[in-house]
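Student: Dropping in structure_20.cif, with mmCIF, C-alpha atoms.
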```cif
data_entry
#
loop_
_atom_site.label_atom_id
_atom_site.label_comp_id
_atom_site.auth_asym_id
_atom_site.auth_seq_id
_atom_site.Cartn_x
_atom_site.Cartn_y
_atom_site.Cartn_z
CA LEU A 1344 -5.37 6.48 17.36
CA ASP A 1345 -2.74 8.34 19.29
CA SER A 1346 -0.03 5.85 18.46
CA ARG A 1347 2.76 8.43 18.78
CA ILE A 1348 3.10 7.79 22.50
CA PRO A 1349 6.47 6.01 22.79
CA ARG A 1350 5.87 2.28 23.04
CA LEU A 1351 9.05 1.49 24.99
CA GLY A 1352 8.83 -2.27 24.92
CA SER A 1353 11.61 -4.48 26.27
CA GLN A 1354 13.91 -3.79 23.33
CA ALA A 1355 13.60 -0.01 23.55
CA LEU A 1356 13.93 0.09 27.35
CA VAL A 1357 17.13 -1.95 27.24
CA ARG A 1358 18.48 0.27 24.44
CA LEU A 1359 17.54 3.35 26.49
CA ALA A 1360 19.28 1.91 29.54
CA GLY A 1361 22.37 1.19 27.42
CA TYR A 1362 22.39 4.75 26.12
CA ALA A 1363 21.89 6.22 29.60
CA VAL A 1364 24.82 4.22 31.00
CA ASN A 1365 27.24 4.70 28.12
CA ASP A 1366 26.50 8.23 26.98
CA GLY A 1367 24.00 9.79 29.35
CA GLY A 1368 25.86 9.85 32.66
CA TYR A 1369 23.60 7.42 34.53
CA ARG A 1370 23.89 4.18 36.45
CA LEU A 1371 21.35 1.43 35.86
CA THR A 1372 20.30 0.24 39.29
CA ASN A 1373 17.25 -1.91 38.63
CA LEU A 1374 15.10 -3.42 35.91
CA ARG A 1375 11.37 -3.89 36.42
CA LEU A 1376 10.49 -7.29 35.02
CA ALA A 1377 7.42 -9.38 34.23
CA ASP A 1378 6.66 -12.62 32.38
CA VAL A 1379 5.40 -12.87 28.77
CA HIS A 1380 1.82 -12.28 29.98
CA PHE A 1381 2.98 -9.15 31.86
CA GLU A 1382 2.29 -10.90 35.16
CA PRO A 1383 4.72 -9.90 37.92
CA PHE A 1384 7.35 -12.24 39.32
CA SER A 1385 7.81 -12.62 43.06
CA ALA A 1386 9.79 -9.69 44.47
CA GLU A 1387 12.83 -11.85 45.33
CA TYR A 1388 12.92 -13.56 41.93
CA GLU A 1389 12.51 -10.25 40.11
CA GLN A 1390 15.39 -8.76 42.12
CA GLU A 1391 17.58 -11.77 41.38
CA LEU A 1392 16.89 -11.54 37.62
CA SER A 1393 17.31 -7.78 37.65
CA ASP A 1394 20.70 -8.01 39.38
CA GLU A 1395 21.94 -10.48 36.79
CA LEU A 1396 20.73 -8.42 33.83
CA VAL A 1397 22.12 -5.18 35.29
CA GLU A 1398 25.46 -6.94 35.67
CA ILE A 1399 25.33 -8.17 32.04
CA LEU A 1400 24.57 -4.65 30.82
CA ALA A 1401 27.40 -3.16 32.87
CA SER A 1402 29.97 -5.68 31.70
CA HIS A 1403 28.85 -6.53 28.13
CA GLY A 1404 26.42 -3.82 27.01
CA ASP A 1405 22.78 -3.62 25.99
CA ARG A 1406 23.14 -5.97 22.99
CA GLU A 1407 24.15 -8.79 25.28
CA VAL A 1408 21.12 -8.13 27.48
CA LEU A 1409 18.85 -8.34 24.41
CA SER A 1410 20.50 -11.59 23.38
CA ALA A 1411 20.07 -12.95 26.90
CA LEU A 1412 16.37 -12.05 26.87
CA GLY A 1413 15.99 -14.22 23.79
CA ASP A 1414 18.04 -17.05 25.24
CA GLU A 1415 18.75 -17.89 28.89
CA PHE A 1416 16.29 -15.22 30.09
CA ALA A 1417 13.60 -16.18 27.55
CA GLY A 1418 10.16 -15.41 28.96
CA VAL A 1419 11.37 -12.33 30.83
CA THR A 1420 9.98 -8.96 29.76
CA VAL A 1421 11.50 -5.63 30.74
CA ILE A 1422 8.72 -3.26 31.77
CA GLY A 1423 10.80 -0.52 33.38
CA ILE A 1424 14.30 0.74 34.08
CA GLU A 1425 15.58 2.56 37.16
CA LEU A 1426 18.48 4.94 36.65
CA HIS A 1427 20.50 7.17 38.96
CA SER A 1428 22.30 10.24 37.69
CA ASN A 1429 26.06 10.13 38.28
CA GLU A 1430 26.05 13.91 38.70
CA SER A 1431 22.96 14.77 40.73
CA GLY A 1432 22.29 11.33 42.20
CA ARG A 1433 18.65 11.72 41.26
CA ARG A 1434 16.54 8.70 40.47
CA ILE A 1435 14.60 8.31 37.24
CA GLU A 1436 12.30 5.38 36.54
CA ILE A 1437 11.06 4.97 32.97
CA ARG A 1438 8.39 2.43 32.13
CA ARG A 1439 6.43 1.20 29.11
CA ARG A 1440 4.57 3.79 27.07
CA GLY A 1441 6.86 6.54 28.35
CA VAL A 1442 5.63 6.60 31.93
CA VAL A 1443 8.25 8.45 34.01
CA ASP A 1444 8.52 8.43 37.78
CA THR A 1445 11.08 10.93 39.05
CA GLY A 1446 11.64 14.06 41.06
CA ALA A 1447 13.63 15.46 38.14
CA PRO A 1448 11.18 15.51 35.19
CA LYS A 1449 13.24 17.94 33.11
CA GLU A 1450 16.33 15.78 33.47
CA ALA A 1451 14.32 12.69 32.47
CA GLU A 1452 12.82 14.47 29.49
CA ALA A 1453 16.27 15.59 28.31
CA LEU A 1454 17.65 12.06 28.66
CA VAL A 1455 14.81 10.47 26.67
CA ALA A 1456 15.08 13.17 23.97
CA ARG A 1457 18.84 12.57 23.57
CA ALA A 1458 18.37 8.80 23.53
CA TRP A 1459 15.52 9.13 21.03
CA ALA A 1460 17.85 10.89 18.61
CA ALA A 1461 20.73 8.50 19.16
CA VAL A 1462 19.19 5.01 19.19
CA THR A 1463 16.07 3.27 17.86
CA LEU A 1464 13.48 3.37 20.62
CA GLY A 1465 10.57 2.07 18.55
CA MET B 143 0.07 -12.68 -8.38
CA ASN B 144 -3.58 -12.16 -9.30
CA GLY B 145 -5.75 -14.40 -11.49
CA GLY B 146 -4.98 -12.48 -14.69
CA GLY B 147 -1.24 -12.64 -14.06
CA ARG B 148 -1.39 -16.38 -13.36
CA PHE B 149 -3.39 -16.94 -16.58
CA LEU B 150 -0.81 -15.02 -18.61
CA LEU B 151 2.08 -16.88 -16.97
CA HIS B 152 0.52 -20.30 -17.63
CA THR B 153 -0.29 -19.30 -21.21
CA ALA B 154 3.31 -18.22 -21.76
CA GLN B 155 4.58 -21.50 -20.26
CA ILE B 156 2.37 -23.55 -22.59
CA ALA B 157 3.48 -21.46 -25.58
CA VAL B 158 7.16 -21.97 -24.70
CA ALA B 159 6.53 -25.71 -24.23
CA ALA B 160 4.80 -25.92 -27.64
CA VAL B 161 7.73 -24.16 -29.31
CA GLY B 162 10.09 -26.53 -27.47
CA ILE B 163 8.18 -29.59 -28.69
CA VAL B 164 8.24 -28.36 -32.30
CA ALA B 165 11.96 -27.50 -32.06
CA VAL B 166 12.99 -30.84 -30.53
CA ASP B 167 10.89 -33.03 -32.83
CA PRO B 168 13.29 -33.00 -35.86
CA PHE B 169 16.16 -34.00 -33.54
CA LEU B 170 14.11 -36.90 -32.11
CA GLU B 171 13.09 -37.94 -35.62
CA ILE B 172 16.79 -38.47 -36.45
CA GLN B 173 17.61 -40.17 -33.14
CA LEU B 174 14.49 -42.35 -33.03
CA PRO B 175 13.43 -42.90 -36.68
CA GLU B 176 11.43 -46.01 -35.80
CA ALA B 177 9.43 -44.41 -32.97
CA PRO B 178 5.78 -43.57 -33.73
CA ASP B 179 4.80 -39.88 -33.87
CA GLY B 180 2.85 -40.10 -30.59
CA VAL B 181 5.87 -41.39 -28.63
CA ARG B 182 8.12 -38.68 -30.12
CA TYR B 183 5.65 -35.92 -29.22
CA ALA B 184 5.25 -37.33 -25.70
CA LEU B 185 9.03 -37.39 -25.21
CA SER B 186 9.34 -33.84 -26.54
CA ALA B 187 6.55 -32.63 -24.25
CA LEU B 188 8.13 -34.30 -21.19
CA GLY B 189 11.55 -32.85 -21.98
CA ALA B 190 10.15 -29.36 -22.55
CA ALA B 191 8.13 -29.53 -19.31
CA ALA B 192 11.19 -30.68 -17.33
CA VAL B 193 13.35 -27.88 -18.75
CA LEU B 194 10.63 -25.30 -18.07
CA GLU B 195 10.26 -26.50 -14.49
CA LEU B 196 14.02 -26.38 -13.95
CA ILE B 197 14.15 -22.82 -15.32
CA ARG B 198 11.17 -21.78 -13.21
CA THR B 199 12.56 -23.29 -10.02
CA PHE B 200 16.28 -22.63 -10.19
CA ILE B 201 16.68 -19.63 -12.44
CA ALA B 202 13.49 -17.59 -12.58
CA GLY B 203 11.68 -18.41 -9.30
CA ARG B 204 10.55 -15.49 -7.19
CA PRO B 205 11.64 -15.10 -3.57
CA ILE B 206 9.05 -15.91 -0.94
CA LEU B 207 8.83 -14.28 2.48
CA ARG B 208 6.94 -16.52 4.89
CA PHE B 209 5.62 -15.00 8.13
CA GLU B 210 5.16 -17.52 10.95
CA TRP B 211 3.54 -16.63 14.25
CA ARG B 212 3.79 -18.42 17.59
CA LEU B 213 2.76 -17.57 21.11
CA ALA B 214 5.97 -16.60 22.92
CA ALA B 215 7.61 -19.61 24.56
CA ASN B 216 5.33 -21.99 22.62
CA PRO B 217 6.68 -24.03 19.70
CA GLU B 218 3.36 -24.39 17.84
CA VAL B 219 2.68 -22.19 14.84
CA VAL B 220 -0.66 -20.38 15.16
CA GLU B 221 -3.12 -19.60 12.37
CA ARG B 222 -4.75 -16.60 14.02
CA LEU B 223 -3.85 -13.95 16.58
CA ASP B 224 -6.24 -13.76 19.52
CA LEU B 225 -5.17 -10.89 21.73
CA LYS B 226 -6.30 -11.46 25.30
CA ALA B 227 -6.59 -8.18 27.16
CA SER B 228 -8.70 -6.32 29.67
CA VAL B 229 -9.23 -2.68 30.61
CA LEU B 230 -6.87 -3.09 33.57
CA GLN B 231 -4.33 -5.15 31.63
CA PRO B 232 -4.43 -3.72 28.10
CA ASP B 233 -1.19 -5.39 26.99
CA SER B 234 -1.83 -8.64 25.15
CA GLU B 235 0.32 -11.72 25.59
CA GLN B 236 3.37 -11.79 23.37
CA TYR B 237 3.64 -13.37 19.95
CA GLU B 238 6.83 -14.31 18.20
CA LEU B 239 7.05 -13.52 14.50
CA LYS B 240 9.56 -15.50 12.48
CA LEU B 241 10.30 -14.29 9.00
CA HIS B 242 11.50 -17.09 6.74
CA CYS B 243 13.00 -16.43 3.36
CA GLU B 244 12.82 -18.84 0.44
CA ALA B 245 15.18 -17.95 -2.37
CA ARG B 246 15.81 -21.12 -4.36
CA SER B 247 16.65 -19.50 -7.67
CA LEU B 248 19.35 -17.16 -8.88
CA ALA B 249 16.74 -14.55 -9.72
CA ALA B 250 15.26 -14.79 -6.22
CA SER B 251 18.65 -14.13 -4.61
CA TRP B 252 19.29 -11.19 -6.92
CA ILE B 253 15.86 -9.72 -6.20
CA LEU B 254 16.48 -9.92 -2.44
CA MET B 255 19.93 -8.38 -2.75
CA ALA B 256 18.52 -5.58 -4.89
CA ALA B 257 15.68 -5.03 -2.41
CA ALA B 258 18.14 -4.77 0.49
CA ARG B 259 20.35 -2.35 -1.45
CA GLN B 260 17.32 -0.21 -2.30
CA ASP B 261 16.34 -0.12 1.38
CA VAL B 262 13.08 -1.97 0.84
CA ARG B 263 11.24 -2.60 4.11
CA ILE B 264 8.41 -4.85 5.14
CA LEU B 265 5.46 -3.45 7.03
CA VAL B 266 3.22 -5.63 9.19
CA THR B 267 0.18 -3.60 10.12
CA THR B 268 -3.40 -3.74 11.35
CA ARG B 269 -4.11 -0.22 10.03
CA GLN B 270 -6.82 1.61 11.97
CA ALA B 271 -7.68 -1.17 14.43
CA PRO B 272 -7.57 0.03 18.06
CA ILE B 273 -4.57 -2.17 18.81
CA ILE B 274 -1.03 -0.81 18.84
CA PRO B 275 1.99 -3.08 18.54
CA THR B 276 5.03 -2.91 20.77
CA VAL B 277 8.34 -4.50 19.83
CA GLU B 278 9.58 -6.48 22.80
CA ARG B 279 12.57 -7.96 21.06
CA SER B 280 13.94 -8.49 17.57
CA SER B 281 16.98 -9.85 15.84
CA PHE B 282 19.69 -7.34 15.03
CA GLU B 283 22.84 -6.79 13.03
CA GLY B 284 25.51 -4.58 14.57
CA SER B 285 23.64 -1.61 15.96
CA ASP B 286 20.56 -2.06 13.75
CA GLU B 287 17.41 -3.77 14.97
CA ALA B 288 15.49 -5.72 12.36
CA CYS B 289 12.13 -4.61 13.69
CA SER B 290 10.82 -1.30 15.00
CA PHE B 291 7.47 0.36 15.65
CA ASP B 292 6.01 2.53 12.90
CA ALA B 293 3.60 5.05 14.41
CA ALA B 294 2.36 6.42 11.10
CA ALA B 295 1.25 3.00 9.84
CA ASN B 296 0.26 1.58 13.24
CA GLY B 297 2.47 -1.42 12.59
CA VAL B 298 6.00 -2.67 12.74
CA ILE B 299 8.65 -2.18 10.09
CA ILE B 300 11.07 -4.99 9.36
CA SER B 301 14.32 -3.87 7.77
CA MET B 302 15.89 -6.31 5.36
CA LEU B 303 19.44 -5.67 6.62
CA THR B 304 21.52 -8.43 4.98
CA PRO B 305 19.53 -11.00 2.99
CA PRO B 306 20.46 -14.61 3.83
CA ARG B 307 22.59 -16.56 1.37
CA ARG B 308 20.26 -19.53 1.49
CA SER B 309 16.63 -20.22 2.34
CA GLY B 310 15.75 -20.31 6.02
CA GLU B 311 14.91 -18.20 9.04
CA TRP B 312 15.80 -14.57 8.48
CA HIS B 313 14.48 -12.27 11.19
CA THR B 314 12.60 -12.78 14.43
CA ALA B 315 10.61 -10.33 16.49
CA THR B 316 8.52 -10.63 19.62
CA LEU B 317 5.52 -8.35 19.70
CA SER B 318 2.71 -7.48 22.06
CA TRP B 319 -0.25 -5.21 21.42
CA GLU B 320 -1.81 -2.54 23.56
CA VAL B 321 -5.55 -3.05 23.16
CA ARG B 322 -7.25 0.34 23.28
CA ASP B 323 -10.76 -1.07 22.89
CA VAL B 324 -11.30 -4.44 24.56
CA SER B 325 -14.84 -4.57 23.15
CA MET B 326 -13.46 -4.70 19.59
CA LYS B 327 -15.61 -7.47 18.13
CA SER B 328 -14.74 -7.75 14.47
CA GLU B 329 -11.63 -9.40 13.15
CA THR B 330 -9.05 -7.12 11.60
CA ASN B 331 -6.83 -7.97 8.68
CA VAL B 332 -3.10 -8.30 9.22
CA GLU B 333 -1.35 -6.87 6.17
CA TYR B 334 2.17 -7.67 5.04
CA GLU B 335 3.36 -4.93 2.72
CA ILE B 336 6.51 -4.09 0.82
CA GLN B 337 7.46 -0.47 1.52
CA HIS B 338 9.63 1.88 -0.48
CA ALA B 339 9.74 5.66 -0.78
CA LYS B 340 9.36 5.52 -4.59
CA PRO B 341 5.97 4.24 -5.82
CA LEU B 342 7.45 2.52 -8.89
CA MET B 343 10.03 0.61 -6.84
CA ARG B 344 7.32 -0.30 -4.36
CA LEU B 345 5.17 -1.71 -7.18
CA VAL B 346 8.06 -3.63 -8.73
CA PHE B 347 9.11 -5.27 -5.48
CA ARG B 348 5.50 -6.00 -4.51
CA VAL B 349 5.15 -7.95 -7.75
CA LEU B 350 8.53 -9.65 -7.43
CA ILE B 351 8.46 -10.70 -3.76
CA ARG B 352 5.73 -13.09 -2.60
CA ARG B 353 4.51 -12.77 0.98
CA LEU B 354 2.79 -15.73 2.62
CA SER B 355 1.32 -16.18 6.06
CA GLN B 356 -1.30 -18.38 7.63
CA VAL B 357 -2.21 -15.49 9.92
CA LYS B 358 -4.47 -13.15 8.07
CA THR B 359 -6.59 -11.73 10.86
CA VAL B 360 -6.32 -10.59 14.46
CA SER B 361 -9.08 -10.37 17.02
CA VAL B 362 -9.43 -9.26 20.61
CA VAL B 363 -10.55 -11.62 23.36
CA ARG B 364 -11.59 -10.06 26.65
CA LYS B 365 -9.67 -11.58 29.58
#
```
Output the file's structure in the form of structure tokens.
Tutor:
Amino acid sequence: LDSRIPRLGSQALVRLAGYAVNDGGYRLTNLRLADVHFEPFSAEYEQELSDELVEILASHGDREVLSALGDEFAGVTVIGIELHSNESGRRIEIRRRGVVDTGAPKEAEALVARAWAAVTLG
Amino acid sequence: MNGGGRFLLHTAQIAVAAVGIVAVDPFLEIQLPEAPDGVRYALSALGAAAVLELIRTFIAGRPILRFEWRLAANPEVVERLDLKASVLQPDSEQYELKLHCEARSLAASWILMAAARQDVRILVTTRQAPIIPTVERSSFEGSDEACSFDAAANGVIISMLTPPRRSGEWHTATLSWEVRDVSMKSETNVEYEIQHAKPLMRLVFRVLIRRLSQVKTVSVVRK
């Protein structure tokens, strides 16, 4: 089994987003969300939830987002994060199992490597 | 504890009770000179059994870690994990794992404190099965998550962090599994192991800490 591919479940994605915002020079602009069966929400509802969680992360940090996911946002699963670099303005989307969608792959790789060393992403 | 260990423990308990009966009998003979021998022996046996039980429960009882599983957002405890997945949707639904700790004796509390100090961890694994767990959420203390993925063991590691002062819920984690082979037909064992870098410590804590769970196997159900 090639189980060394990063899992990047909800917990790790939120921690990665927290690292990117606090130490990595990025803005969190969106969260990709699904329910506990990994079924998508409607686009409007997903956007509404994402906006609220992005706001919680910006004002209270990633721990508060994780608490919220176990409480008032129970049943919501984070399946991806969308970041924008403060410096280059480039967009990086990171999803479960380390799938990266970006025009700046080296930048994304460097961010994930730094976050991997700094926080638990398991 | 295995059958041999249980036999030895019960034998030791009976031996201690027999010594207790013999030791208490002269005292009862003075206190109850009129009582027949049978009544005195019965009273001695009851007293010795009660004292033994008190010692076993409140002083020498081992800690128990109880692993309870539920489907996420469902209050009912499940007895088996059926991972529903398909080739197009390989992620199973999510299960919540609650780790309860029962430490009703002084010894149990000390054992848990010692385990936490020695950085003992608990591994929940399905070994070589073609299913890989993902931690969706877990309880945490400060900046430390209780639960994280362990690639080498194809499981999740639960850190003890701070043991609770009394029996009750300790850690929670929500997990899903990526099913790599949806045609997996046989059930796979779920193992709950005590982990430590030193083999001797691992052995000691495996003997001292009981692990109980109704969920012993996991299987894959094609969606």
Student: Extract, using only C-alpha atoms, all DNA, RNA and protein residues at most 12 Å from Ser1393 (chain A), discarding same-chain residues fewer than 5 positions from it, and format them as number ranges by chain.
Tutor: A: 1357, 1371-1377, 1384-1388, 1398-1400, 1408, 1412, 1416, 1419-1425
Student: Give me the residues within 7 Å of Asn1429 (chain A) as a ChimeraX atom specification, counting all atoms listed in the file and dropping any in the same chain fewer than 4 places off.
Tutor: /A:1368-1370
Student: Run through the PyMOL selection byres ((chain B and resi 255-258) around 8) on the given coordinates and return the selected residues as a PDB file with C-alpha atoms, in the frame of the given file.
Tutor:
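Result went into part.pdb, see below:
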```
ATOM      1  CA  SER B 251      18.650 -14.130  -4.610  1.00  0.00           C
ATOM      2  CA  TRP B 252      19.290 -11.190  -6.920  1.00  0.00           C
ATOM      3  CA  ILE B 253      15.860  -9.720  -6.200  1.00  0.00           C
ATOM      4  CA  LEU B 254      16.480  -9.920  -2.440  1.00  0.00           C
ATOM      5  CA  ARG B 259      20.350  -2.350  -1.450  1.00  0.00           C
ATOM      6  CA  GLN B 260      17.320  -0.210  -2.300  1.00  0.00           C
ATOM      7  CA  ASP B 261      16.340  -0.120   1.380  1.00  0.00           C
ATOM      8  CA  VAL B 262      13.080  -1.970   0.840  1.00  0.00           C
ATOM      9  CA  MET B 302      15.890  -6.310   5.360  1.00  0.00           C
ATOM     10  CA  LEU B 303      19.440  -5.670   6.620  1.00  0.00           C
ATOM     11  CA  THR B 304      21.520  -8.430   4.980  1.00  0.00           C
ATOM     12  CA  PRO B 305      19.530 -11.000   2.990  1.00  0.00           C
ATOM     13  CA  PHE B 347       9.110  -5.270  -5.480  1.00  0.00           C
TER      14      PHE B 347
END
```
Student: Which one is closest to Val1455 (chain A): A:Leu1392, A:Leu1359, A:Leu1351, A:Ala1411? Count only C-alpha atoms.
Tutor: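 Result for the nearest residue to Val1455 (chain A): A:Leu1359.
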Student: Counting all atoms listed in the file, what are the residues of chain A within 8 Å of chain B, and for each of them which pair of atoms is the nearest and at what distance in Å, to one decimal? Sort the table by chain and rising number, as a Markdown table.
Tutor:
```
| residue | atom | partner | partner_atom | distance |
| --- | --- | --- | --- | --- |
| A:Leu1344 | CA | B:Pro272 | CA | 6.9 |
| A:Ser1346 | CA | B:Ala293 | CA | 5.5 |
| A:Arg1347 | CA | B:Ala293 | CA | 5.6 |
| A:Arg1350 | CA | B:Thr276 | CA | 5.7 |
| A:Leu1351 | CA | B:Thr276 | CA | 7.3 |
| A:Gly1352 | CA | B:Glu278 | CA | 4.8 |
| A:Ser1353 | CA | B:Glu278 | CA | 4.5 |
| A:Gln1354 | CA | B:Arg279 | CA | 4.9 |
| A:Ala1355 | CA | B:Glu278 | CA | 7.7 |
| A:Val1379 | CA | B:Gln236 | CA | 5.9 |
| A:His1380 | CA | B:Glu235 | CA | 4.7 |
| A:Phe1381 | CA | B:Glu235 | CA | 7.3 |
| A:Leu1409 | CA | B:Arg279 | CA | 7.1 |
| A:Gly1413 | CA | B:Arg279 | CA | 7.6 |
| A:Ala1417 | CA | B:Ala215 | CA | 7.5 |
| A:Gly1418 | CA | B:Ala215 | CA | 6.6 |
| A:Thr1420 | CA | B:Glu278 | CA | 7.4 |
| A:Thr1463 | CA | B:Ser290 | CA | 7.5 |
| A:Leu1464 | CA | B:Ser290 | CA | 7.8 |
| A:Gly1465 | CA | B:Phe291 | CA | 4.6 |
```
Student: Please provide the set of residues having any atom within 10 Å of region 1444-1450 of chain A, restricted to all atoms listed in the file, with same-chain residues fewer than 2 positions apart removed, written as a list of chain:residue names.
Tutor: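 Residues meeting the cut-off are A:Glu1425, A:Leu1426, A:Ser1428, A:Ser1431, A:Arg1433, A:Arg1434, A:Ile1435, A:Glu1436, A:Ile1437, A:Arg1438, A:Gly1441, A:Val1442, A:Glu1452, A:Ala1453, A:Leu1454, A:Val1455, A:Ala1456.
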Student: State, in Å with one decimal place, the distance from CA of Val1462 (chain A) to CA of Arg1358 (chain A).
Tutor: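 Distance between the two atoms: 7.1 Å.
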Student: May I ask for the distance between CA of Ser355 (chain B) and CA of Phe209 (chain B), given in Å to one decimal place?
Tutor: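 The value is 4.9 Å.
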Student: Quick one, how far is CA of Asp167 (chain B) from CA of Leu185 (chain B)?
Tutor: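 Atom-to-atom, CA of Asp167 (chain B) to CA of Leu185 (chain B), that is 9.0 Å.
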Student: Which residues fall under the PyMOL selection byres ((chain B and resi 183) around 12) in this file, as a PDB file with C-alpha atoms, in the frame of the given file?
Tutor:
```
ATOM      1  CA  ALA B 159       6.530 -25.710 -24.230  1.00  0.00           C
ATOM      2  CA  ALA B 160       4.800 -25.920 -27.640  1.00  0.00           C
ATOM      3  CA  VAL B 161       7.730 -24.160 -29.310  1.00  0.00           C
ATOM      4  CA  GLY B 162      10.090 -26.530 -27.470  1.00  0.00           C
ATOM      5  CA  ILE B 163       8.180 -29.590 -28.690  1.00  0.00           C
ATOM      6  CA  VAL B 164       8.240 -28.360 -32.300  1.00  0.00           C
ATOM      7  CA  ALA B 165      11.960 -27.500 -32.060  1.00  0.00           C
ATOM      8  CA  VAL B 166      12.990 -30.840 -30.530  1.00  0.00           C
ATOM      9  CA  ASP B 167      10.890 -33.030 -32.830  1.00  0.00           C
ATOM     10  CA  PRO B 168      13.290 -33.000 -35.860  1.00  0.00           C
ATOM     11  CA  PHE B 169      16.160 -34.000 -33.540  1.00  0.00           C
ATOM     12  CA  LEU B 170      14.110 -36.900 -32.110  1.00  0.00           C
ATOM     13  CA  GLU B 171      13.090 -37.940 -35.620  1.00  0.00           C
ATOM     14  CA  LEU B 174      14.490 -42.350 -33.030  1.00  0.00           C
ATOM     15  CA  ALA B 177       9.430 -44.410 -32.970  1.00  0.00           C
ATOM     16  CA  PRO B 178       5.780 -43.570 -33.730  1.00  0.00           C
ATOM     17  CA  ASP B 179       4.800 -39.880 -33.870  1.00  0.00           C
ATOM     18  CA  GLY B 180       2.850 -40.100 -30.590  1.00  0.00           C
ATOM     19  CA  VAL B 181       5.870 -41.390 -28.630  1.00  0.00           C
ATOM     20  CA  ARG B 182       8.120 -38.680 -30.120  1.00  0.00           C
ATOM     21  CA  ALA B 184       5.250 -37.330 -25.700  1.00  0.00           C
ATOM     22  CA  LEU B 185       9.030 -37.390 -25.210  1.00  0.00           C
ATOM     23  CA  SER B 186       9.340 -33.840 -26.540  1.00  0.00           C
ATOM     24  CA  ALA B 187       6.550 -32.630 -24.250  1.00  0.00           C
ATOM     25  CA  LEU B 188       8.130 -34.300 -21.190  1.00  0.00           C
ATOM     26  CA  GLY B 189      11.550 -32.850 -21.980  1.00  0.00           C
ATOM     27  CA  ALA B 190      10.150 -29.360 -22.550  1.00  0.00           C
TER      28      ALA B 190
END
```
Student: With the file shown as input, list the residues that the PyMOL selection byres ((chain B and resi 357) around 7) selects, as a ChimeraX atom specification.
Tutor: /B:221-222,355-356,358-359
